[in-house]
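Some notes on the structure that comes next.
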Amino acid sequence: MARDPYQELGVSRGASADEIRKAFRKKAKQFHPDANPGDASAEEKFKLASSAFDIIGDEDKRKKFDRGEIDADGREQHPGFSGGPFGGGASGDRYRQGPGGPGFEGVDINDILGDVFGQRGGGGGGRSSFGFGGNGKGSDVRARLEIDLEEALLGGKKRIAFSDGRTLDVNIPKGAQDGQVLRLKGQGAPGRAAPGDALIELGVRPHPLYRREGEVLYMDLPVSVPDAVLGGKVEAPTPDGPVTLTVPKGSNSGAQLRLKGRGFVNARGQRGDLFAKIVVTLPESPDAQLEKFAESWRKDRPYSPKKR
């Protein structure tokens with residue numbers, strides 16, 4: 001039988017929700033398997049702390065435990081006991097209070113672990129850390145997977161590595177959103193009844209070419225002086241592949257060309273637009289003819305750009 005969960009976390013029976021949460025965070029940080037690789041003793045202590053928090057970190061379970069309806073393992077007790085195994089009875093009634101009393105509604109052990117360890121992806125894939133559930137189904141595990149903008153738009157597969165050595169190919173859906181969470185059934189921590197799930201949060205990396213504002217993308221489009229002066233056809237990259245654009249005659253730097261439906265996607269699955277800003281670009285190497293023309297132009301036809 002597990003120890004009294006209050007003793008396991010080192011808190012009093014009258015501890016507040018915040019005190020219990022802080023006590024578990026401290027234990028988790030100290031004994032988590034990721035912080036103690038290969039240390040069976042630390043892993044066992046982490047399991048015990050997680051089991052304790054599973055009981056008194058949940059409002060309903062805490063009430064049942066204090067009334068003696070469940071034991072420290074979460075198993076139901078036979079009726080007829082007037083108090084809990086660790087001094088319930090009248091003192092347990094204190095935890096039935098509403099406002100001002102303990103409240104653990106919606107507490108998730110793995111949310112706390114994510115705050116403590118700050119799991120993030122690395123390299124081409126991502127990493128995840130395991131938690132251990134207190135009863136029945138194993139705990140869900142959480143991880144963050146960084147993907148490119150093109151992968152978010154077009155979908156595909158991405159490999160993620162777990163801290164127990166497993167790797168898993170994650171199917172990225174078309175139109176994936178930054179912050180979207182994918183649930184992979186049965187890929188979490190093992191449990192007595194069934195394994196938990198893996199919750200993979202997607203993060204879309206900043207792109208070296210495109211600047212994103214919601215579903216709208218912006219990019220710079222280098223254009224040669226002759227094409228800017230005379231107009232012409234230029235090839236422009238897009239997330240879906242290169243396209244040919246028509247540069248109007250007499251185009252200046254800063255003018256924008258709109259590529260409808262070539263932007264990012266919003267939560268409703270609708271594509272935004274891509275705007276290509278013209279940047280008139282000189283040759284990288286000196287051009288004698290261009291320099292001679294510029295000297296003649298400056299001498300015979302003085303020109304100053306309009307001040308804005």
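Chains: A, B, ... in order of the structure tokens. Residues: from 1 per chain. Ligands: from 1, in order shown.
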Report as a tab-separated table the residues of region 58-77 of chain A within 9 Å of region 2-25 of chain A, each with its shortest atom pair and distance in Å (one decimal), using only C-alpha atoms, ordered by chain and increasing residue number.
```
residue	atom	partner	partner_atom	distance
A:Glu59	CA	A:Ala17	CA	8.9
A:Asp66	CA	A:Arg13	CA	8.8
A:Asp71	CA	A:Ala2	CA	8.4
A:Ala72	CA	A:Ala2	CA	5.5
A:Asp73	CA	A:Ala2	CA	5.8
```
Exercise for the section: For Asp140 (chain A), please output as a PyMOL selection string all residues within 7 Å (counting only C-alpha atoms; exclusion window: fewer than 5 positions along the same chain). Expected result: chain A and resi 110+188-189+196-199
Create the file for the chosen residues now, containing N, CA and C atoms and written as a PDB file, in the first residue's frame.
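Dumped to again14.pdb:
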```pdb
ATOM      1  N   ASN A 110       1.060  16.428 -16.038  1.00  0.00           N
ATOM      2  CA  ASN A 110       1.992  16.671 -17.130  1.00  0.00           C
ATOM      3  C   ASN A 110       2.102  18.140 -17.487  1.00  0.00           C
ATOM      4  N   GLY A 188       1.773   7.178 -24.903  1.00  0.00           N
ATOM      5  CA  GLY A 188       2.263   7.848 -23.705  1.00  0.00           C
ATOM      6  C   GLY A 188       2.948   6.900 -22.749  1.00  0.00           C
ATOM      7  N   ALA A 189       2.963   7.283 -21.467  1.00  0.00           N
ATOM      8  CA  ALA A 189       3.615   6.473 -20.440  1.00  0.00           C
ATOM      9  C   ALA A 189       2.807   5.208 -20.169  1.00  0.00           C
ATOM     10  N   GLY A 196      -0.869   5.785 -21.663  1.00  0.00           N
ATOM     11  CA  GLY A 196      -1.453   7.095 -21.929  1.00  0.00           C
ATOM     12  C   GLY A 196      -1.241   7.497 -23.379  1.00  0.00           C
ATOM     13  N   ASP A 197      -1.539   8.743 -23.675  1.00  0.00           N
ATOM     14  CA  ASP A 197      -1.397   9.254 -25.035  1.00  0.00           C
ATOM     15  C   ASP A 197      -0.211  10.207 -25.112  1.00  0.00           C
ATOM     16  N   ALA A 198       0.245  10.458 -26.313  1.00  0.00           N
ATOM     17  CA  ALA A 198       1.275  11.459 -26.555  1.00  0.00           C
ATOM     18  C   ALA A 198       0.610  12.693 -27.156  1.00  0.00           C
ATOM     19  N   LEU A 199       0.837  13.837 -26.539  1.00  0.00           N
ATOM     20  CA  LEU A 199       0.277  15.098 -27.018  1.00  0.00           C
ATOM     21  C   LEU A 199       1.415  15.903 -27.634  1.00  0.00           C
TER      22      LEU A 199
END
```
Problem - Atomic distance CA of Leu217 (chain A) - CA of Val170 (chain A), expressed in Å with one decimal - result: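 Distance between the two atoms: 26.1 Å.
Note that the spacing between CA of Thr244 (chain A) and CA of Arg258 (chain A) amounts to 12.3 Å.
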Handout entry: Near-Gln270 (chain A) list (12 Å; only C-alpha atoms; drop same-chain fewer than 3 positions) as a PyMOL selection string
Key = chain A and resi 153+174-177+214-216+260-267+273
Handout entry: strand (DSSP E or B) positions in region 139-211 of chain A, given as a PyMOL selection string
Key = chain A and resi 141-147+156-162+167-172+181-184+194+198-204+211
Given the selection you just returned, output its residues as a file containing C-alpha atoms, formatted as a JSON list (two decimals), in the first residue's frame.
```json
[["chain", "number", "residue", "atom", "x", "y", "z"],
["A", 141, "VAL", "CA", 3.28, 12.72, -22.35],
["A", 142, "ARG", "CA", 3.79, 16.11, -23.95],
["A", 143, "ALA", "CA", 6.32, 17.27, -26.49],
["A", 144, "ARG", "CA", 6.87, 20.12, -28.92],
["A", 145, "LEU", "CA", 7.73, 19.43, -32.54],
["A", 146, "GLU", "CA", 9.19, 22.20, -34.69],
["A", 147, "ILE", "CA", 8.19, 22.13, -38.37],
["A", 156, "GLY", "CA", 3.98, 15.30, -44.32],
["A", 157, "LYS", "CA", 5.77, 13.09, -41.82],
["A", 158, "LYS", "CA", 8.18, 14.15, -39.09],
["A", 159, "ARG", "CA", 10.10, 11.93, -36.70],
["A", 160, "ILE", "CA", 10.15, 12.59, -32.96],
["A", 161, "ALA", "CA", 12.36, 10.86, -30.36],
["A", 162, "PHE", "CA", 11.14, 9.99, -26.86],
["A", 167, "THR", "CA", 11.12, 7.12, -32.19],
["A", 168, "LEU", "CA", 7.78, 7.80, -33.80],
["A", 169, "ASP", "CA", 6.76, 9.19, -37.19],
["A", 170, "VAL", "CA", 4.16, 11.91, -36.72],
["A", 171, "ASN", "CA", 1.74, 12.67, -39.55],
["A", 172, "ILE", "CA", 1.58, 16.45, -39.98],
["A", 181, "VAL", "CA", -1.76, 19.77, -30.53],
["A", 182, "LEU", "CA", -1.85, 16.30, -32.10],
["A", 183, "ARG", "CA", -3.00, 13.40, -29.88],
["A", 184, "LEU", "CA", -1.34, 10.04, -30.55],
["A", 194, "ALA", "CA", -3.44, 1.00, -20.56],
["A", 198, "ALA", "CA", 1.27, 11.46, -26.56],
["A", 199, "LEU", "CA", 0.28, 15.10, -27.02],
["A", 200, "ILE", "CA", 2.48, 16.70, -29.66],
["A", 201, "GLU", "CA", 2.37, 20.51, -29.87],
["A", 202, "LEU", "CA", 3.41, 21.85, -33.26],
["A", 203, "GLY", "CA", 5.57, 24.94, -33.61],
["A", 204, "VAL", "CA", 6.03, 26.59, -37.02],
["A", 211, "ARG", "CA", 7.42, 37.04, -43.20]]
```
Practice task
If you run DSSP over the backbone, which residues in region 101-297 of chain A end up helix (DSSP H, G or I)? Put them as number ranges by chain.
Solution key: A: 109-117, 149-154, 225-230, 288-297
Keeping only C-alpha atoms, write the selected residues as a PDB file, in the first residue's frame.
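Result file follows (out38.pdb):
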```pdb
ATOM      1  CA  ILE A 109       0.414  16.413 -13.705  1.00  0.00           C
ATOM      2  CA  ASN A 110       1.992  16.671 -17.130  1.00  0.00           C
ATOM      3  CA  ASP A 111       1.158  20.372 -17.403  1.00  0.00           C
ATOM      4  CA  ILE A 112       3.214  20.875 -14.264  1.00  0.00           C
ATOM      5  CA  LEU A 113       6.042  18.731 -15.641  1.00  0.00           C
ATOM      6  CA  GLY A 114       6.013  20.782 -18.820  1.00  0.00           C
ATOM      7  CA  ASP A 115       6.429  23.945 -16.708  1.00  0.00           C
ATOM      8  CA  VAL A 116       9.229  22.359 -14.681  1.00  0.00           C
ATOM      9  CA  PHE A 117      11.263  20.888 -17.528  1.00  0.00           C
ATOM     10  CA  LEU A 149       6.300  26.606 -42.899  1.00  0.00           C
ATOM     11  CA  GLU A 150       6.077  24.431 -46.021  1.00  0.00           C
ATOM     12  CA  GLU A 151       5.493  21.340 -43.855  1.00  0.00           C
ATOM     13  CA  ALA A 152       2.684  23.139 -42.044  1.00  0.00           C
ATOM     14  CA  LEU A 153       1.030  24.061 -45.325  1.00  0.00           C
ATOM     15  CA  LEU A 154       1.509  20.863 -47.293  1.00  0.00           C
ATOM     16  CA  VAL A 225      17.248  47.444 -63.349  1.00  0.00           C
ATOM     17  CA  PRO A 226      16.252  46.596 -66.960  1.00  0.00           C
ATOM     18  CA  ASP A 227      13.203  44.598 -65.778  1.00  0.00           C
ATOM     19  CA  ALA A 228      12.194  47.423 -63.446  1.00  0.00           C
ATOM     20  CA  VAL A 229      12.553  50.052 -66.198  1.00  0.00           C
ATOM     21  CA  LEU A 230      11.187  48.122 -69.151  1.00  0.00           C
ATOM     22  CA  ALA A 288      31.028  49.791 -67.170  1.00  0.00           C
ATOM     23  CA  GLN A 289      28.146  50.435 -69.580  1.00  0.00           C
ATOM     24  CA  LEU A 290      25.671  50.944 -66.748  1.00  0.00           C
ATOM     25  CA  GLU A 291      28.051  53.342 -65.007  1.00  0.00           C
ATOM     26  CA  LYS A 292      28.566  55.312 -68.268  1.00  0.00           C
ATOM     27  CA  PHE A 293      24.809  55.524 -68.778  1.00  0.00           C
ATOM     28  CA  ALA A 294      24.305  56.667 -65.183  1.00  0.00           C
ATOM     29  CA  GLU A 295      26.933  59.421 -65.571  1.00  0.00           C
ATOM     30  CA  SER A 296      25.213  60.657 -68.748  1.00  0.00           C
ATOM     31  CA  TRP A 297      21.791  60.499 -67.084  1.00  0.00           C
TER      32      TRP A 297
END
```
